[in-house]
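Asks: Dumping the structure here so I can ask a few things about it.
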Amino acid sequence: MEQTLIILKPDAVKRGLIGMTIETFEKTGLKLMAAKMVTPDEQVIKNHYPGTKEWITEMGNKTLSSFKQANKDVKKELGTDDPYKLGSFVYERLIKYWQEGPIVVMVFEGPNAVGVCRKLRGHTIPALADAGTILAGYSFDSSTLSSSLDRAVKTFIHTSGSVEEAEREIRYWFKDAKFDGYTREVDALYLSK
Amino acid sequence: MKKQKALIIIKPDAVQRGLSGTILKRFEQVGLTVTGLKFQKADEKTVIAHYPSTDVWFEKVGKRTLNNCQVKGIDVKQTFKTDDAITIGKQVKQWLITYFQESPVLIAAVEGYEVIEIVRKLSGNTIPVLAAPGTIRGDFSHDSIDLANETCRPLRNVIHASDSVEDGEKEVALWFKPGELFSYVRADEKIMFP
């Protein structure tokens, strides 16, 4: 059965949004399989991300395009317009963001778990998320606001982007942990012939 | 005033009904701080240690069961094959162990001022059919002693919440290792308690 990794970042924990997030995913019929509160150190957070040159450059390009969209001069504000350098700034800020307090790492399971959780969370950047998604309903943060304050966009829920990413991330955060399966009340209605 | 600790366990009946988030939300909503969280199948040794194993406790539980049965006119000897309070108490504990391990459970350590009073108030009467609406047990269950005894099982009462300040300390220490507990300030804490 498909599984996905969810991470609630420190701002979500401090706002008391753990229960709400679990509830949103649980209501679809997805099964909570694992959860833990942790304060990972810098290296653990760093390795959660692919961290390759391409990936860093891609993040820099995203920053470039959001500055362009907002009609702002990236060079004036961040001192460079080199995508790799910009990406590295974002990377550093992300790590700082994750260290603002404890985080909650979870695994959910069910048919199309990756897609269901992504859809409910909405666009990574709250300001761009569709109404009705968790990020849209609980945050006004945007790339321009965050860079004006010298911090990462507070995208307070991470959900795996693909089945492959989910597999890698679950292995990464839960090592070889075996999750105990169980039956949900909806299983007999939707998962049996 | 100092903050106190309490342990919350969202039990297998609630987990299987997909109520973990809904229930945890109520404790966050009231302003308590979740200082530890994990989801796992309860380890048998921990469940055994969670409930006392003294004859005093077995007798208390057994007597309560005997009393409940008497009030309801249930034949104790038929259900338990004995009317000895201690033996009945031991049997009830065995039921509880089985119930606890039916599926993984969501275990949370919470902290706050007068936390025991708050978690007890939010959870409601241990017997769901008697729990007031607005409480977790009152809103999410209507299980009763009669029903439970009729089918020889413990009450399925959705949640465990620590009973006293001492139990809160003890239970949090039993279910969580020191490295699994965190201290932080909630975003709204200074507004609630300046």
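The way I read the labels, and the way they are meant: chains A, B, ... in the order of the structure tokens, residue 1 as the first residue of every chain, and ligand 1 as the first ligand shown, with later ones counted on from there.
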If you run DSSP on the backbone here, which positions in region 17-162 of chain B get strand (DSSP E)? Please write them as a PyMOL selection string.
Replies: chain B and resi 33-40+105-113+159-161
Asks: Okay, now the selection with N, CA and C atoms, as a compact mmCIF listing (two decimals), in the first residue's frame?
Replies:
```txt
# COMPACT_ATOMS: atom_id res chain seq x y z
N THR B 33 0.53 22.40 25.90
CA THR B 33 1.69 22.22 25.02
C THR B 33 1.96 20.73 24.86
N VAL B 34 2.03 20.26 23.62
CA VAL B 34 2.38 18.86 23.36
C VAL B 34 3.91 18.78 23.43
N THR B 35 4.42 18.12 24.46
CA THR B 35 5.88 18.09 24.63
C THR B 35 6.50 16.79 24.14
N GLY B 36 5.67 15.83 23.79
CA GLY B 36 6.17 14.57 23.24
C GLY B 36 5.05 13.90 22.48
N LEU B 37 5.39 13.20 21.41
CA LEU B 37 4.36 12.56 20.60
C LEU B 37 4.92 11.35 19.91
N LYS B 38 4.20 10.24 19.98
CA LYS B 38 4.59 9.08 19.18
C LYS B 38 3.41 8.17 18.92
N PHE B 39 3.53 7.43 17.84
CA PHE B 39 2.47 6.53 17.42
C PHE B 39 3.07 5.16 17.29
N GLN B 40 2.64 4.22 18.10
CA GLN B 40 3.21 2.89 18.02
C GLN B 40 2.33 1.88 18.74
N VAL B 105 -1.26 2.97 19.08
CA VAL B 105 -1.95 4.04 19.80
C VAL B 105 -1.15 5.35 19.64
N LEU B 106 -1.85 6.47 19.76
CA LEU B 106 -1.16 7.76 19.70
C LEU B 106 -0.90 8.21 21.13
N ILE B 107 0.38 8.36 21.46
CA ILE B 107 0.76 8.69 22.83
C ILE B 107 1.28 10.13 22.85
N ALA B 108 0.71 10.95 23.72
CA ALA B 108 1.14 12.34 23.79
C ALA B 108 1.43 12.74 25.23
N ALA B 109 2.53 13.47 25.40
CA ALA B 109 2.82 14.07 26.69
C ALA B 109 2.37 15.53 26.56
N VAL B 110 1.54 15.99 27.49
CA VAL B 110 1.10 17.38 27.42
C VAL B 110 1.46 18.10 28.72
N GLU B 111 1.60 19.41 28.61
CA GLU B 111 2.04 20.20 29.74
C GLU B 111 1.20 21.46 29.83
N GLY B 112 0.95 21.91 31.04
CA GLY B 112 0.21 23.16 31.21
C GLY B 112 -0.13 23.38 32.66
N TYR B 113 -0.73 24.53 32.93
CA TYR B 113 -1.15 24.83 34.30
C TYR B 113 -2.39 23.98 34.62
N ILE B 159 -9.96 7.06 25.20
CA ILE B 159 -8.75 7.78 25.59
C ILE B 159 -8.34 7.46 27.01
N HIS B 160 -7.03 7.50 27.24
CA HIS B 160 -6.53 7.49 28.61
C HIS B 160 -5.98 8.87 28.91
N ALA B 161 -6.28 9.41 30.08
CA ALA B 161 -5.69 10.68 30.51
C ALA B 161 -5.27 10.52 31.97
```
Asks: Write out as JSON lines the residues of region 56-146 of chain A that have any atom within 9 Å of an atom of region 16-27 of chain A, one row each with the nearest atom pair and its distance in Å to one decimal, counting only C-alpha atoms, sorted by chain and then rising number.
Replies:
```
{"residue": "A:Val104", "atom": "CA", "partner": "A:Ile18", "partner_atom": "CA", "distance": 7.9}
{"residue": "A:Phe108", "atom": "CA", "partner": "A:Phe25", "partner_atom": "CA", "distance": 8.0}
{"residue": "A:Val116", "atom": "CA", "partner": "A:Phe25", "partner_atom": "CA", "distance": 8.1}
{"residue": "A:Cys117", "atom": "CA", "partner": "A:Phe25", "partner_atom": "CA", "distance": 6.7}
{"residue": "A:Leu120", "atom": "CA", "partner": "A:Phe25", "partner_atom": "CA", "distance": 7.8}
{"residue": "A:Ile134", "atom": "CA", "partner": "A:Thr21", "partner_atom": "CA", "distance": 7.9}
```
Asks: Tell me, counting only C-alpha atoms, for each residue of region 29-49 of chain B within 10 Å of region 99-103 of chain B, which pair of atoms is nearest and how far apart they are in Å to one decimal, in rows ordered by chain and increasing number, as a Markdown table.
Replies:
```
| residue | atom | partner | partner_atom | distance |
| --- | --- | --- | --- | --- |
| B:Gln40 | CA | B:Ser103 | CA | 8.3 |
| B:Lys41 | CA | B:Ser103 | CA | 6.1 |
| B:Ala42 | CA | B:Gln101 | CA | 5.8 |
| B:Asp43 | CA | B:Gln101 | CA | 7.8 |
| B:Glu44 | CA | B:Gln101 | CA | 7.7 |
| B:Val47 | CA | B:Phe100 | CA | 7.5 |
```
Asks: Restricting the calculation to only C-alpha atoms, which member of A:Glu100, A:Glu54, A:Glu165, A:Asp141 is positioned closest to chain B?
Replies: A:Glu100
Asks: Would you give me, as a tab-separated table, each residue of chain B having an atom within 9 Å of an atom of chain A, along with its shortest atom pair and that distance in Å to one decimal, using only C-alpha atoms and sorting by chain and residue number?
Replies:
```
residue	atom	partner	partner_atom	distance
B:Val15	CA	A:Arg184	CA	7.8
B:Gln16	CA	A:Arg184	CA	4.5
B:Arg17	CA	A:Glu185	CA	5.4
B:Gly18	CA	A:Glu26	CA	5.5
B:Leu19	CA	A:Glu23	CA	7.0
B:Ser20	CA	A:Glu23	CA	6.9
B:Gly21	CA	A:Glu23	CA	4.0
B:Thr22	CA	A:Glu23	CA	5.3
B:Ile23	CA	A:Gly19	CA	7.1
B:Leu24	CA	A:Gly19	CA	4.8
B:Lys25	CA	A:Gly19	CA	4.1
B:Arg26	CA	A:Gly19	CA	7.8
B:Phe27	CA	A:Gly19	CA	8.6
B:Glu28	CA	A:Gly16	CA	5.1
B:Gln29	CA	A:Gly16	CA	6.9
B:Gly31	CA	A:Gly16	CA	7.9
B:Leu32	CA	A:Gly16	CA	8.5
B:Thr33	CA	A:Gly16	CA	7.7
B:Val34	CA	A:Gly16	CA	8.1
B:Thr35	CA	A:Met37	CA	8.1
B:Gly36	CA	A:Met37	CA	5.9
B:Leu37	CA	A:Met37	CA	5.3
B:Lys38	CA	A:Lys36	CA	4.5
B:Phe39	CA	A:Ala35	CA	4.9
B:Gln40	CA	A:Ala34	CA	6.6
B:Lys41	CA	A:Asp180	CA	6.8
B:Glu102	CA	A:Tyr182	CA	8.1
B:Ser103	CA	A:Tyr182	CA	5.6
B:Pro104	CA	A:Asp180	CA	6.8
B:Leu106	CA	A:Ala35	CA	8.1
B:Gly179	CA	A:Val38	CA	8.7
B:Glu180	CA	A:Val38	CA	6.9
B:Leu181	CA	A:Met37	CA	7.9
B:Phe182	CA	A:Pro102	CA	7.0
B:Ser183	CA	A:Pro102	CA	8.4
B:Tyr184	CA	A:Gly101	CA	6.6
B:Val185	CA	A:Lys14	CA	6.8
B:Arg186	CA	A:Lys14	CA	4.4
B:Ala187	CA	A:Lys14	CA	5.2
B:Asp188	CA	A:Arg15	CA	7.1
```
Asks: Hey, what does DSSP flag as alpha helix (DSSP H) within region 50-131 of chain B? Can you give it to me as JSON, numbers by chain?
Replies: {"B": [50, 55, 56, 57, 58, 59, 60, 61, 62, 63, 64, 65, 66, 67, 68, 69, 70, 71, 72, 76, 77, 78, 79, 80, 85, 86, 87, 88, 89, 90, 91, 92, 93, 94, 95, 96, 97, 98, 99, 100, 115, 116, 117, 118, 119, 120, 121, 122, 123]}
Asks: Would you save the residues from that selection as a short mmCIF file (atom, residue, chain, number, x, y, z; two decimals), in the first residue's frame, using C-alpha atoms?
Replies:
```
data_model
loop_
_atom_site.label_atom_id
_atom_site.label_comp_id
_atom_site.auth_asym_id
_atom_site.auth_seq_id
_atom_site.Cartn_x
_atom_site.Cartn_y
_atom_site.Cartn_z
CA HIS B 50 1.06 1.44 33.26
CA ASP B 55 -3.57 -6.46 45.39
CA VAL B 56 -4.94 -3.14 46.61
CA TRP B 57 -5.48 -1.99 43.02
CA PHE B 58 -6.82 -5.36 41.83
CA GLU B 59 -9.24 -5.34 44.72
CA LYS B 60 -10.34 -1.78 43.96
CA VAL B 61 -10.99 -2.63 40.31
CA GLY B 62 -12.62 -5.93 41.23
CA LYS B 63 -14.88 -4.33 43.81
CA ARG B 64 -15.89 -1.64 41.34
CA THR B 65 -16.79 -4.34 38.82
CA LEU B 66 -18.67 -6.34 41.48
CA ASN B 67 -20.54 -3.24 42.51
CA ASN B 68 -21.41 -2.29 38.94
CA CYS B 69 -22.66 -5.81 38.28
CA GLN B 70 -24.76 -5.80 41.41
CA VAL B 71 -26.38 -2.49 40.50
CA LYS B 72 -27.16 -3.80 37.02
CA VAL B 76 -20.82 -11.96 38.25
CA LYS B 77 -20.10 -15.65 38.64
CA GLN B 78 -21.32 -16.32 35.15
CA THR B 79 -19.14 -13.60 33.60
CA PHE B 80 -15.99 -14.01 35.67
CA ALA B 85 -12.58 -9.09 43.92
CA ILE B 86 -8.82 -9.58 43.47
CA THR B 87 -9.24 -12.34 40.88
CA ILE B 88 -11.75 -10.22 38.98
CA GLY B 89 -9.37 -7.22 39.14
CA LYS B 90 -6.60 -9.34 37.61
CA GLN B 91 -8.89 -10.48 34.82
CA VAL B 92 -9.91 -6.91 34.05
CA LYS B 93 -6.25 -5.94 33.79
CA GLN B 94 -5.71 -8.77 31.29
CA TRP B 95 -8.60 -7.43 29.19
CA LEU B 96 -7.08 -3.96 29.31
CA ILE B 97 -3.74 -5.27 28.06
CA THR B 98 -5.41 -6.96 25.08
CA TYR B 99 -7.49 -3.86 24.28
CA PHE B 100 -4.44 -1.58 24.43
CA VAL B 115 -3.14 20.08 33.38
CA ILE B 116 -4.69 17.11 35.23
CA GLU B 117 -7.90 18.98 35.84
CA ILE B 118 -7.99 20.04 32.20
CA VAL B 119 -7.33 16.62 30.66
CA ARG B 120 -9.89 15.01 32.96
CA LYS B 121 -12.46 17.67 32.18
CA LEU B 122 -11.95 17.32 28.43
CA SER B 123 -11.99 13.50 28.56
#
```
